[in-house]
Amino acid sequence: MSTTTHPTSADLFSVTRTDTPVADEQREAALASPKFGTVFTDHMARISYSNEDGWSRRRVEKYGPLLLDPATAVLHYGQEIFEGMKAYRHADGSVWTFRPRDNAARFARSARRLALPELSEADFLGAIEALVATDVVWVPSGEETSLYLRPFMYASETFLGVRPSLEAEFLVIASPVGPYFAGGVRPVAIWVDQKYHRAGAGGTGDAKCGGNYAASLLPQQEAYAKGFEQVCFLDASTNTQLEELGGMNVFVVHADGSVATPPISGSILEGVTRSSILRLLTDAGHEVSERQIPLTELREGLADGSVREVFACGTAAVMTPIGRMASDDFDLTVGDGEAGPVTTRIRAELTDIQYGRATDRHGWLHRLV
Ligand code: COI
């Protein structure tokens with residue numbers, strides 16, 4: 001093993017390279033057809049926290065299992081948060097990420113809500129920079145591929161009392177990925193759930209914490225058994241307004257070109273992709289509103305054709321057209337069931353910026369390598 005130090009925007013991360021990296025041929029095979037979240041790079045970035053020392057021991061080390069005491073707090077009370085980001089390889093070989101300061105800010109908000117220690121923006125960015133520099137050979141270059149980055153933090157104190165942990169671990173792991181949904185970029189079928197909710201007022205719906213995703217799994221499993229790929233949740237107070245898909249925000253495109261998406265109400269996640277799409281739609285001259293979208297309005301619009309397109313968006317899924325929406329009491333095709341022109345055009349604009357094929361006019365890209 002060789003140990004070097006890698007200066008980053010945060011601090012000095014010590015980099016201890018593994019002496020058993022994945023073999024070149026095996027890595028190339030993984031990069032050629034990456035399947036979402038199945039293969040991981042050779043290293044991980046890590047910073048440890050204790051109440052006495054604050055954040056310390058900034059390091060990049062061999063990717064591998066974590067040794068957890070069975071009484072580690074996160075295993076019992078779910079005190080955990082995460083982020084989703086991507087590193088994109090441009091045609092000249094350079095590697096960039098997208099609006100990382102927004103992810104750092106959201107991570108700090110999630111930490112506050114889950115009573116975890118806040119990590120500075122400099123440490124958040126520094127860990128990403130150090131890891132991607134170390135594992136740069138893992139950034140794929142094929143169409144629609146990227147290196148998915150998963151920063152996360154968990155309560156690591158060995159203690160069963162119900163109070164905020166006095167210790168935490170922050171890690172970043174990375175995985176080469178292609179399209180999120182099996183079958184590539186194509187319209188998906190969505191079950192609008194009128195039985196379960198993922199979040200309620202005053203809860204953790206606007207924090208990116210594992211518990212929100214755990215709450216969405218049974219509804220998703222039930223929807224999957226009926227032939228649907230994802231669930232759209234309604235608000236828990238009235239069970240009438242669209243919220244989000246659990247792992248993605250949702251947008252509705254009308255025949256007159258106006259576009260609506262549910263507002264940041266406290267119970268949905270404030271997506272970085274969501275905010276970028278709002279900007280690109282506004283730039284393109286669409287009338288855009290962040291407002292309540294009653295399910296009744298959506299149903300009527302789909303039935304009479306005044307709603308032309310619906311799409312989901314997130315870092316992992318980018319923009320995914322929705323071709324069908326159904327529930328216990330309706331089953332409707334969205335437009336002609338194919339990806340609509342607004343979804344297709346804005347998706348192309350967004351990915352052109354991310355992959356360096358279009359001018360980054362909003363200053364969203366951040367160079368990593
Ligand atoms: C993302 O879009 O990056 C997410 O975090 C959503 C999901 C994969 C958990």
# chains A, B, ... in the order shown; residues from 1 in each chain; ligands from 1
$ select_by_dssp --residues "stretch 27-166 of chain A" --states "helix (DSSP H, G or I)" --output "ChimeraX atom specification"
/A:27-32,74-77,100-113,121-134,136-138
$ residues_around --residues "A:Glu349" --least-positions-apart "4" --cutoff "12 Å" --atoms "only C-alpha atoms" --output "list of chain:residue names"
A:Ser276, A:Ile277, A:Arg279, A:Leu280, A:Leu281, A:Asp283, A:Ala284, A:Val318, A:Met319, A:Val342, A:Thr343, A:Thr344, A:Arg345, A:Ile353, A:Gln354, A:Tyr355, A:Gly356, A:Arg357, A:Ala358, A:Thr359, A:Asp360, A:Arg361
$ residues_near_ligand --ligand "ligand 1" --cutoff "9 Å" --atoms "only C-alpha atoms and all ligand atoms" --output "list of chain:residue names"
A:Phe36, A:Gly37, A:Phe82, A:Glu83, A:Gly84, A:Met85, A:Lys86, A:Tyr148, A:Leu149, A:Arg150, A:Tyr180, A:Lys208, A:Gly210, A:Tyr213, A:Gly246, A:Gly247, A:Met248, A:Gly271, A:Thr273, A:Cys313, A:Gly314, A:Thr315, A:Ala316, A:Ala317, A:Val318
$ atom_distance --atom1 "atom CA of A:Phe228" --atom2 "atom CA of A:Leu245"
12.2 Å
$ atom_distance --atom1 "atom CA of A:Gly340" --atom2 "atom CA of A:Pro187"
9.5 Å
$ atom_distance --atom1 "atom CA of A:Lys35" --atom2 "atom CA of A:Val177"
5.6 Å
$ residues_around --residues "A:Thr204" --least-positions-apart "6" --cutoff "10 Å" --atoms "only C-alpha atoms" --output "ChimeraX atom specification"
/A:110,113-114,198,211-212,266-269
$ write_last_selection --atoms "all heavy atoms" --output "short mmCIF file (atom, residue, chain, number, x, y, z; two decimals), in the first residue's frame"
data_model
loop_
_atom_site.label_atom_id
_atom_site.label_comp_id
_atom_site.auth_asym_id
_atom_site.auth_seq_id
_atom_site.Cartn_x
_atom_site.Cartn_y
_atom_site.Cartn_z
N SER A 110 -30.57 18.07 6.00
CA SER A 110 -30.99 16.72 6.41
C SER A 110 -30.36 16.36 7.76
O SER A 110 -31.01 15.78 8.63
CB SER A 110 -30.58 15.68 5.36
OG SER A 110 -31.20 15.93 4.12
N ARG A 113 -32.20 17.95 10.57
CA ARG A 113 -33.51 17.33 10.85
C ARG A 113 -33.37 15.98 11.55
O ARG A 113 -34.23 15.58 12.33
CB ARG A 113 -34.30 17.17 9.52
CG ARG A 113 -35.69 16.56 9.68
CD ARG A 113 -36.56 17.46 10.55
NE ARG A 113 -37.86 16.87 10.81
CZ ARG A 113 -38.12 16.03 11.80
NH1 ARG A 113 -37.15 15.66 12.63
NH2 ARG A 113 -39.34 15.58 12.00
N LEU A 114 -32.28 15.27 11.24
CA LEU A 114 -32.08 13.94 11.84
C LEU A 114 -31.19 14.01 13.07
O LEU A 114 -30.73 12.98 13.58
CB LEU A 114 -31.45 12.99 10.80
CG LEU A 114 -32.42 12.21 9.89
CD1 LEU A 114 -33.12 11.09 10.66
CD2 LEU A 114 -33.46 13.10 9.23
N ARG A 198 -45.80 8.58 2.22
CA ARG A 198 -44.38 8.46 2.58
C ARG A 198 -43.99 9.45 3.66
O ARG A 198 -43.01 9.25 4.37
CB ARG A 198 -43.47 8.60 1.36
CG ARG A 198 -43.28 9.98 0.85
CD ARG A 198 -42.32 10.06 -0.31
NE ARG A 198 -40.95 10.38 0.04
CZ ARG A 198 -40.53 11.57 0.49
NH1 ARG A 198 -41.37 12.57 0.68
NH2 ARG A 198 -39.26 11.77 0.75
N GLY A 211 -35.08 6.47 6.20
CA GLY A 211 -36.41 6.11 6.69
C GLY A 211 -37.51 6.45 5.69
O GLY A 211 -38.49 5.69 5.55
N ASN A 212 -37.38 7.56 4.97
CA ASN A 212 -38.39 7.92 3.98
C ASN A 212 -38.47 6.87 2.88
O ASN A 212 -39.54 6.56 2.36
CB ASN A 212 -38.06 9.26 3.31
CG ASN A 212 -38.18 10.44 4.26
OD1 ASN A 212 -38.86 10.35 5.27
ND2 ASN A 212 -37.52 11.52 3.93
N GLY A 266 -42.53 20.96 2.64
CA GLY A 266 -42.04 20.40 3.90
C GLY A 266 -42.09 18.88 3.90
O GLY A 266 -41.39 18.22 4.65
N SER A 267 -42.94 18.32 3.03
CA SER A 267 -43.02 16.85 3.02
C SER A 267 -42.51 16.25 1.72
O SER A 267 -42.57 15.03 1.54
CB SER A 267 -44.45 16.38 3.32
OG SER A 267 -45.36 16.95 2.42
N ILE A 268 -41.99 17.07 0.78
CA ILE A 268 -41.34 16.48 -0.38
C ILE A 268 -39.89 16.94 -0.44
O ILE A 268 -39.51 17.94 0.16
CB ILE A 268 -42.06 16.81 -1.72
CG1 ILE A 268 -41.87 18.28 -2.12
CG2 ILE A 268 -43.52 16.44 -1.66
CD1 ILE A 268 -42.37 18.55 -3.52
N LEU A 269 -39.09 16.18 -1.17
CA LEU A 269 -37.66 16.49 -1.25
C LEU A 269 -37.42 17.62 -2.26
O LEU A 269 -37.99 17.61 -3.36
CB LEU A 269 -36.87 15.26 -1.67
CG LEU A 269 -35.38 15.40 -1.39
CD1 LEU A 269 -35.11 15.23 0.10
CD2 LEU A 269 -34.59 14.41 -2.19
#
$ residues_around --residues "stretch 101-108 of chain A" --least-positions-apart "5" --cutoff "10 Å" --atoms "only C-alpha atoms" --output "PyMOL selection string"
chain A and resi 81-85+113-114+116-125+151-153+206-209+269-272+364+366
$ select_by_dssp --residues "stretch 42-277 of chain A" --states "strand (DSSP E)" --output "PyMOL selection string"
chain A and resi 43-50+54-62+80-82+85-89+95-98+146-155+167-177+188-193+230-233+249-254+259-261
$ closest_atom_pairs --of "stretch 122-222 of chain A" --to "stretch 58-63 of chain A" --cutoff "8 Å" --atoms "only C-alpha atoms" --output "Markdown table"
| residue | atom | partner | partner_atom | distance |
| --- | --- | --- | --- | --- |
| A:Ala127 | CA | A:Arg58 | CA | 7.8 |
| A:Ala130 | CA | A:Val60 | CA | 7.0 |
| A:Leu131 | CA | A:Val60 | CA | 6.4 |
| A:Ile173 | CA | A:Tyr63 | CA | 7.7 |
$ residues_around --residues "A:Glu52" --least-positions-apart "3" --cutoff "10 Å" --atoms "only C-alpha atoms" --output "short mmCIF file (atom, residue, chain, number, x, y, z; two decimals) with all heavy atoms, in the first residue's frame"
data_model
loop_
_atom_site.label_atom_id
_atom_site.label_comp_id
_atom_site.auth_asym_id
_atom_site.auth_seq_id
_atom_site.Cartn_x
_atom_site.Cartn_y
_atom_site.Cartn_z
N TYR A 49 -16.69 11.47 13.16
CA TYR A 49 -17.11 12.54 14.08
C TYR A 49 -17.28 12.00 15.50
O TYR A 49 -17.81 10.90 15.72
CB TYR A 49 -18.46 13.11 13.62
CG TYR A 49 -19.01 14.15 14.57
CD1 TYR A 49 -18.69 15.50 14.42
CD2 TYR A 49 -19.84 13.79 15.65
CE1 TYR A 49 -19.18 16.45 15.31
CE2 TYR A 49 -20.31 14.73 16.54
CZ TYR A 49 -19.98 16.05 16.37
OH TYR A 49 -20.45 16.99 17.24
N TRP A 55 -15.26 16.79 13.54
CA TRP A 55 -14.94 15.97 12.35
C TRP A 55 -13.43 15.81 12.26
O TRP A 55 -12.69 16.80 12.30
CB TRP A 55 -15.47 16.63 11.08
CG TRP A 55 -16.96 16.57 10.99
CD1 TRP A 55 -17.84 17.59 11.18
CD2 TRP A 55 -17.75 15.41 10.69
NE1 TRP A 55 -19.13 17.14 11.02
CE2 TRP A 55 -19.11 15.81 10.72
CE3 TRP A 55 -17.47 14.08 10.41
CZ2 TRP A 55 -20.16 14.92 10.47
CZ3 TRP A 55 -18.51 13.20 10.16
CH2 TRP A 55 -19.83 13.62 10.20
N LEU A 166 -23.65 10.48 19.76
CA LEU A 166 -22.52 11.38 20.01
C LEU A 166 -21.39 11.12 19.01
O LEU A 166 -20.37 11.81 19.02
CB LEU A 166 -21.99 11.17 21.43
CG LEU A 166 -23.02 11.40 22.56
CD1 LEU A 166 -22.38 11.15 23.93
CD2 LEU A 166 -23.59 12.82 22.50
N GLU A 167 -21.58 10.11 18.16
CA GLU A 167 -20.56 9.79 17.16
C GLU A 167 -21.25 9.56 15.82
O GLU A 167 -22.41 9.11 15.78
CB GLU A 167 -19.80 8.51 17.55
CG GLU A 167 -18.93 8.70 18.77
CD GLU A 167 -18.47 7.36 19.37
OE1 GLU A 167 -18.51 6.34 18.65
OE2 GLU A 167 -18.12 7.36 20.55
#
$ residues_around --residues "A:Glu309" --least-positions-apart "3" --cutoff "7 Å" --atoms "only C-alpha atoms" --output "list in words"
Val252, Val253, His254, Val334, Gly335 and Gly340 of chain A
